[in-house]
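Trainee: If it helps, the file is called entry-v2.txt and holds compact mmCIF, C-alpha atoms:
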# COMPACT_ATOMS: atom_id res chain seq x y z
CA MET A 1 86.82 131.29 34.05
CA SER A 2 83.83 133.60 34.30
CA ASN A 3 84.00 135.30 37.68
CA LEU A 4 86.63 136.64 40.01
CA THR A 5 85.89 137.13 43.68
CA VAL A 6 87.66 140.13 45.18
CA ASN A 7 86.93 141.23 48.75
CA GLY A 8 83.65 139.31 48.65
CA ARG A 9 82.57 140.93 45.40
CA GLU A 10 81.94 139.05 42.18
CA ILE A 11 83.71 140.58 39.19
CA PRO A 12 82.53 139.30 35.79
CA LEU A 13 85.24 138.22 33.34
CA ASP A 14 85.00 137.24 29.70
CA LYS A 15 85.97 133.77 28.52
CA GLU A 16 89.63 134.74 28.19
CA GLY A 17 89.76 136.28 31.64
CA TYR A 18 89.56 139.97 30.74
CA LEU A 19 87.33 142.30 32.75
CA GLN A 20 83.89 142.65 31.20
CA ASP A 21 83.41 146.08 32.75
CA LEU A 22 86.59 148.16 32.80
CA ASP A 23 85.22 150.20 35.71
CA ASP A 24 85.59 147.13 37.93
CA TRP A 25 89.37 147.54 37.99
CA SER A 26 91.19 148.28 41.26
CA ARG A 27 94.60 147.40 42.64
CA ASP A 28 93.07 144.46 44.52
CA VAL A 29 91.46 143.24 41.31
CA ALA A 30 94.84 143.53 39.58
CA GLU A 31 96.46 141.41 42.32
CA GLU A 32 93.85 138.68 41.79
CA LEU A 33 94.13 138.79 38.00
CA ALA A 34 97.91 138.53 38.33
CA HIS A 35 97.52 135.64 40.76
CA ALA A 36 95.50 133.76 38.12
CA GLU A 37 98.45 134.26 35.75
CA LYS A 38 100.86 133.07 38.48
CA ILE A 39 102.50 136.47 38.68
CA GLU A 40 103.48 138.21 41.90
CA LEU A 41 103.21 141.96 41.30
CA THR A 42 106.27 144.01 42.19
CA ASN A 43 107.03 147.70 41.68
CA ALA A 44 108.45 146.86 38.25
CA HIS A 45 105.10 145.34 37.28
CA TRP A 46 103.13 148.29 38.63
CA GLU A 47 105.27 150.69 36.64
CA VAL A 48 104.25 148.92 33.43
CA ILE A 49 100.60 148.55 34.47
CA GLU A 50 100.29 152.28 35.13
CA LEU A 51 101.83 153.12 31.76
CA LEU A 52 99.45 150.74 30.03
CA GLN A 53 96.52 152.51 31.59
CA GLU A 54 97.96 155.82 30.47
CA PHE A 55 98.34 154.40 26.94
CA TYR A 56 94.69 153.41 26.96
CA ARG A 57 93.53 156.82 28.19
CA GLN A 58 95.59 158.51 25.50
CA PHE A 59 94.84 156.33 22.49
CA GLU A 60 91.69 154.40 23.50
CA LEU A 61 93.23 151.10 22.53
CA SER A 62 95.35 148.35 24.04
CA PRO A 63 98.84 148.19 22.55
CA ALA A 64 100.21 145.18 20.70
CA MET A 65 103.76 144.11 21.56
CA ARG A 66 105.66 146.44 19.27
CA PRO A 67 103.97 149.71 20.30
CA LEU A 68 104.07 148.57 23.94
CA VAL A 69 107.84 148.12 23.78
CA LYS A 70 108.21 151.51 22.10
CA PHE A 71 105.97 153.32 24.57
CA ILE A 72 107.70 151.78 27.60
CA GLY A 73 111.05 152.70 26.06
CA GLN A 74 109.99 156.32 25.65
CA ARG A 75 108.81 156.59 29.23
CA LEU A 76 111.13 154.33 31.23
CA GLY A 77 114.22 154.28 29.05
CA LEU A 78 115.64 151.80 26.59
CA GLU A 79 116.78 149.42 29.33
CA LYS A 80 113.12 148.62 30.08
CA GLY A 81 111.76 149.19 26.59
CA ARG A 82 112.81 145.75 25.47
CA SER A 83 110.66 142.73 24.80
CA ILE A 84 112.87 140.47 26.90
CA TYR A 85 112.33 142.70 29.97
CA LEU A 86 108.54 142.69 29.47
CA MET A 87 108.63 138.96 28.78
CA GLN A 88 110.23 138.36 32.18
CA LEU A 89 107.57 140.44 33.95
CA PHE A 90 104.50 139.22 32.09
CA PRO A 91 105.10 135.80 30.55
CA PRO A 92 104.29 134.35 28.12
CA SER A 93 102.70 137.15 26.10
CA PRO A 94 103.33 140.57 27.68
CA ALA A 95 100.87 142.60 25.60
CA LYS A 96 98.01 140.26 26.40
CA VAL A 97 98.86 139.43 29.99
CA ALA A 98 99.77 142.96 31.10
CA SER A 99 96.67 144.40 29.40
CA LYS A 100 94.55 141.89 31.25
CA ILE A 101 96.04 142.74 34.65
CA ALA A 102 95.82 146.46 33.92
CA GLY A 103 92.10 146.05 33.25
CA LEU A 104 92.31 146.92 29.57
CA PRO A 105 90.45 145.16 26.77
CA LYS A 106 92.33 142.46 24.88
CA PRO A 107 94.52 144.09 22.22
CA THR A 108 92.43 143.77 19.05
CA ASN A 109 95.48 143.66 16.82
CA CYS A 110 97.12 140.89 18.80
CA LEU A 111 96.81 137.37 17.42
CA MET B 1 112.61 146.58 0.98
CA GLY B 2 109.41 144.57 1.24
CA ASN B 3 105.98 145.22 -0.13
CA GLN B 4 104.99 148.80 0.40
CA THR B 5 101.29 149.19 1.13
CA LEU B 6 99.10 152.25 0.92
CA ALA B 7 95.79 152.37 2.79
CA LEU B 8 93.21 154.77 1.42
CA CYS B 9 91.02 156.34 4.11
CA ARG B 10 88.01 157.66 2.27
CA ALA B 11 85.14 157.44 4.75
CA ALA B 12 83.91 159.99 7.31
CA PRO B 13 84.75 158.83 10.83
CA TYR B 14 81.36 157.75 12.20
CA GLY B 15 78.91 157.44 9.28
CA SER B 16 79.81 153.76 8.91
CA ALA B 17 82.26 151.32 10.44
CA LEU B 18 84.59 151.68 7.47
CA ALA B 19 86.89 154.33 8.94
CA ARG B 20 87.48 152.32 12.10
CA GLU B 21 87.87 149.06 10.21
CA GLY B 22 90.53 150.71 8.08
CA ILE B 23 92.51 152.07 11.02
CA GLU B 24 92.32 148.72 12.81
CA ALA B 25 93.60 146.94 9.72
CA VAL B 26 96.49 149.42 9.50
CA LEU B 27 97.34 149.06 13.20
CA ALA B 28 97.21 145.26 12.94
CA SER B 29 99.50 145.30 9.88
CA ALA B 30 101.90 147.64 11.65
CA ALA B 31 101.95 145.37 14.70
CA MET B 32 103.00 142.56 12.34
CA GLU B 33 105.90 144.66 11.08
CA GLN B 34 104.30 145.54 7.74
CA GLU B 35 105.06 148.94 6.31
CA VAL B 36 101.89 150.88 5.62
CA ASP B 37 101.40 154.48 4.53
CA LEU B 38 98.05 156.22 4.67
CA LEU B 39 96.30 158.52 2.24
CA PHE B 40 93.29 160.44 3.47
CA LEU B 41 91.02 161.66 0.75
CA GLY B 42 87.38 162.52 0.16
CA ASP B 43 85.37 162.54 3.39
CA GLY B 44 88.21 160.58 4.99
CA VAL B 45 89.95 163.87 5.74
CA PHE B 46 87.33 164.46 8.46
CA GLN B 47 89.01 161.64 10.42
CA LEU B 48 91.96 163.96 11.03
CA LEU B 49 90.07 166.71 12.82
CA ASP B 50 90.74 166.73 16.56
CA SER B 51 87.35 168.18 17.49
CA GLN B 52 85.50 164.87 17.45
CA ALA B 53 82.99 164.25 20.25
CA PRO B 54 81.74 160.69 19.66
CA GLU B 55 80.81 160.12 23.33
CA ALA B 56 77.35 161.42 22.44
CA ILE B 57 76.79 158.41 20.20
CA GLU B 58 78.73 156.07 22.52
CA GLN B 59 81.59 155.56 20.12
CA LYS B 60 85.30 155.57 20.78
CA ASN B 61 87.26 158.52 19.50
CA LEU B 62 88.81 157.66 16.16
CA TYR B 63 91.21 160.58 16.29
CA ARG B 64 92.73 159.13 19.49
CA ASN B 65 93.41 155.92 17.57
CA LEU B 66 95.04 157.90 14.78
CA MET B 67 97.33 159.53 17.34
CA ALA B 68 98.65 156.05 18.13
CA LEU B 69 99.87 155.52 14.55
CA PRO B 70 103.44 156.83 15.15
CA ILE B 71 103.94 154.54 18.12
CA PHE B 72 102.84 151.62 15.93
CA GLY B 73 105.53 152.71 13.47
CA VAL B 74 103.24 154.37 10.92
CA GLU B 75 104.75 157.77 10.40
CA GLN B 76 103.94 158.78 6.85
CA LEU B 77 100.46 160.21 6.27
CA TYR B 78 99.34 161.74 3.00
CA VAL B 79 96.35 164.01 2.69
CA CYS B 80 94.62 165.01 -0.53
CA GLN B 81 94.94 168.76 -0.80
CA HIS B 82 91.88 169.13 -3.00
CA SER B 83 89.68 167.17 -0.57
CA LEU B 84 90.73 169.54 2.23
CA GLU B 85 89.99 172.63 0.16
CA GLN B 86 86.59 171.30 -0.92
CA ARG B 87 85.63 170.89 2.75
CA GLY B 88 87.03 174.18 3.94
CA ILE B 89 89.67 172.57 6.18
CA HIS B 90 92.97 174.40 6.62
CA PRO B 91 96.10 172.21 6.72
CA ASP B 92 96.96 173.67 10.15
CA GLN B 93 93.84 171.99 11.54
CA ILE B 94 95.21 168.51 10.94
CA GLN B 95 98.13 167.47 13.13
CA ILE B 96 99.19 164.08 14.42
CA PRO B 97 102.15 164.43 16.80
CA GLY B 98 105.06 162.27 15.69
CA ALA B 99 103.72 161.74 12.17
CA GLU B 100 104.71 163.52 9.03
CA ILE B 101 101.68 164.81 7.14
CA SER B 102 102.26 165.58 3.46
CA LEU B 103 99.71 167.32 1.29
CA VAL B 104 99.25 165.66 -2.07
CA ALA B 105 98.06 167.51 -5.16
CA LYS B 106 97.90 164.44 -7.41
CA PRO B 107 96.66 161.43 -5.40
CA GLY B 108 96.47 159.22 -8.50
CA LYS B 109 100.19 159.56 -9.05
CA LEU B 110 100.93 158.66 -5.42
CA ILE B 111 98.63 155.61 -5.52
CA ALA B 112 100.24 154.36 -8.71
CA ALA B 113 103.61 154.19 -6.96
CA TYR B 114 102.45 151.47 -4.52
CA GLN B 115 102.46 147.75 -5.13
CA CYS B 116 99.54 147.14 -2.82
CA VAL B 117 96.60 149.46 -2.15
CA LEU B 118 93.83 148.90 0.39
CA SER B 119 90.70 151.00 0.18
CA PHE B 120 88.51 151.79 3.19
Since I need it in another form, could you write the structure as structure tokens?

Mentor:
Amino acid sequence: MSNLTVNGREIPLDKEGYLQDLDDWSRDVAEELAHAEKIELTNAHWEVIELLQEFYRQFELSPAMRPLVKFIGQRLGLEKGRSIYLMQLFPPSPAKVASKIAGLPKPTNCL
Amino acid sequence: MGNQTLALCRAAPYGSALAREGIEAVLASAAMEQEVDLLFLGDGVFQLLDSQAPEAIEQKNLYRNLMALPIFGVEQLYVCQHSLEQRGIHPDQIQIPGAEISLVAKPGKLIAAYQCVLSF
């Protein structure tokens, strides 16, 4: 996978499907990235995507699973700050998949 | 209790890649559920100042990464008191929300208490 076509525009992706240029992100791009992961975005997904982008603005890095769970828990409550909840939304690897859809770089500390 | 690790942060934030490499190693360890404490000493104490403006050299802000430490579960930071004094930095100037920063007068004694020490 090297390119994503969104509204007639070619968006370059790296070999793992992450955006090459983070400025290319938009909600339409997110829908297409999610589609490639066979995920239909709902409000619950968007809630997590927006928090991921906030995390990146604040710390300038993509979270691995553990900090992601903790951050979501702080913001949305313990009911949602659980790996099983995030696993259901962004299978099979929430930190990687949700970062990709949110237009963040791949978490460097994620194996 | 498992192996307790101490990471020494001795390099200024942007003079080389060492400071960033160190923080990334700590964050990666923390993400793998390893317990890591940090000791800032020498020029490494400059990493803790919040007035970094690395955009000018197209670098990411290392201090922002440090602010993520508590959410990765790294909450204990030690800072060499003597290194701060030598560089004219007041302890009030170094704050990481959510982390406990302890000034250390005898770093050697602290280091000796750890089973595993990484130096960056």

Trainee: Write out as a list of chain:residue names the residues lying within 9 Å of Glu100 of chain B, counting all atoms listed in the file and excluding same-chain residues fewer than 3 positions away.

Mentor: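 Contacts, in chain order: B:Glu75, B:Gln76, B:Leu77, B:Tyr78, B:Gln95, B:Ile96, B:Pro97.
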
Trainee: To one decimal place in Å, what is the distance between atom CA of Val74 of chain B and atom CA of Val36 of chain B?

Mentor: 6.5 Å

Trainee: Mind checking which residues fall within 9 Å of segment 48-62 of chain A, counting only C-alpha atoms, ignoring those fewer than 3 positions away in the same chain, and posting them as a PyMOL selection string?

Mentor: (chain A and resi 43-45+68+71-72+75+86+95-96+98-99+101-109) or (chain B and resi 60-68)

Trainee: Can you tell me how far atom CA of Gly77 of chain A sits from atom CA of Ile39 of chain A, in Å to one decimal?

Mentor: 23.4 Å

Trainee: Closest to chain B among A:Gly8, A:Pro92, A:Gly73, A:Gly17, using only C-alpha atoms?

Mentor: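 Smallest separation from chain B among the options: A:Gly73.
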
Trainee: Return the single residue from A:Pro91, A:Glu79, A:Ala36, A:Pro67 that is closest to chain B, with distances computed using all atoms listed in the file.

Mentor: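 Under the stated criterion, the closest residue is A:Pro67.
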
Trainee: I'd like the interatomic distance between atom CA of Ser93 of chain A and atom CA of Arg66 of chain A, to a tenth of an Å.

Mentor: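 Between atom CA of Ser93 of chain A and atom CA of Arg66 of chain A the gap is 11.9 Å.
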
Trainee: Using only C-alpha atoms, find the one residue out of A:Val6, A:Val69, A:Ala34, A:Ile84 that sits nearest to chain B.

Mentor: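 So, comparing all the options, the nearest one is A:Val69.
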
Trainee: Go through B:Val104, B:Ile94, B:Leu39, B:Ala113 one by one, measure the shortest atom-to-atom distance of each to Gln81 of chain B using only C-alpha atoms, and give the residue with the smallest value.

Mentor: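 The closest residue to Gln81 of chain B is B:Val104.
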
Trainee: Could you check the closest approach to Gln47 of chain B for each of B:Ala99, B:Leu18, B:Ala105, B:Ala112 and tell me which residue wins, using all atoms listed in the file?

Mentor: B:Leu18

Trainee: List every protein, DNA or RNA residue with an atom no more than 10 Å from (98.3, 172.0, 7.6) in the file's coordinates, counting all atoms listed in the file, and format the result as a PyMOL selection string.

Mentor: chain B and resi 79+81+84+89-95+101-103

Trainee: Which residue, A:Gln88, A:Gln74, A:Asn3, A:Thr42, has the smallest gap to chain B when you use only C-alpha atoms?

Mentor: A:Gln74

Trainee: Report as lines of an AutoDock Vina configuration file the centre and the edge lengths, in Å to one decimal, of the axis-aligned box holding every listed atom of segment 6-11 of chain A, padded by 5 Å on each side.

Mentor:
center_x = 84.8
center_y = 140.1
center_z = 44.0
size_x = 15.7
size_y = 12.2
size_z = 19.6

Trainee: Any idea what's packed within 12 Å of Gly22 of chain B, counting all atoms listed in the file, ignoring anything in its chain fewer than 5 positions away? Could you give it as a list in words?

Mentor: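 With the cut-off at 12 Å, the set is Leu6, Ala7, Leu8, Cys9, Arg10, Ala11, Ala12, Pro13, Ser16, Ala17, Leu27, Ala28, Ser29, Val36, Leu38, Leu39, Phe40, Gly44, Gln47, Leu62, Asn65, Leu66, Val117, Leu118, Ser119 and Phe120 of chain B.
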
Trainee: Write out as a PyMOL selection string each polymer residue whose atoms come within 9 Å of Gln59 of chain B, counting only C-alpha atoms; drop sequence neighbours fewer than 5 positions from it.

Mentor: chain B and resi 14+53-54

Trainee: Please identify all polymer residues within 10 Å of Arg87 of chain B, counting all atoms listed in the file, omitting same-chain residues fewer than 4 positions from it, and present them as number ranges by chain.

Mentor: B: 42-43, 45-46, 82-83
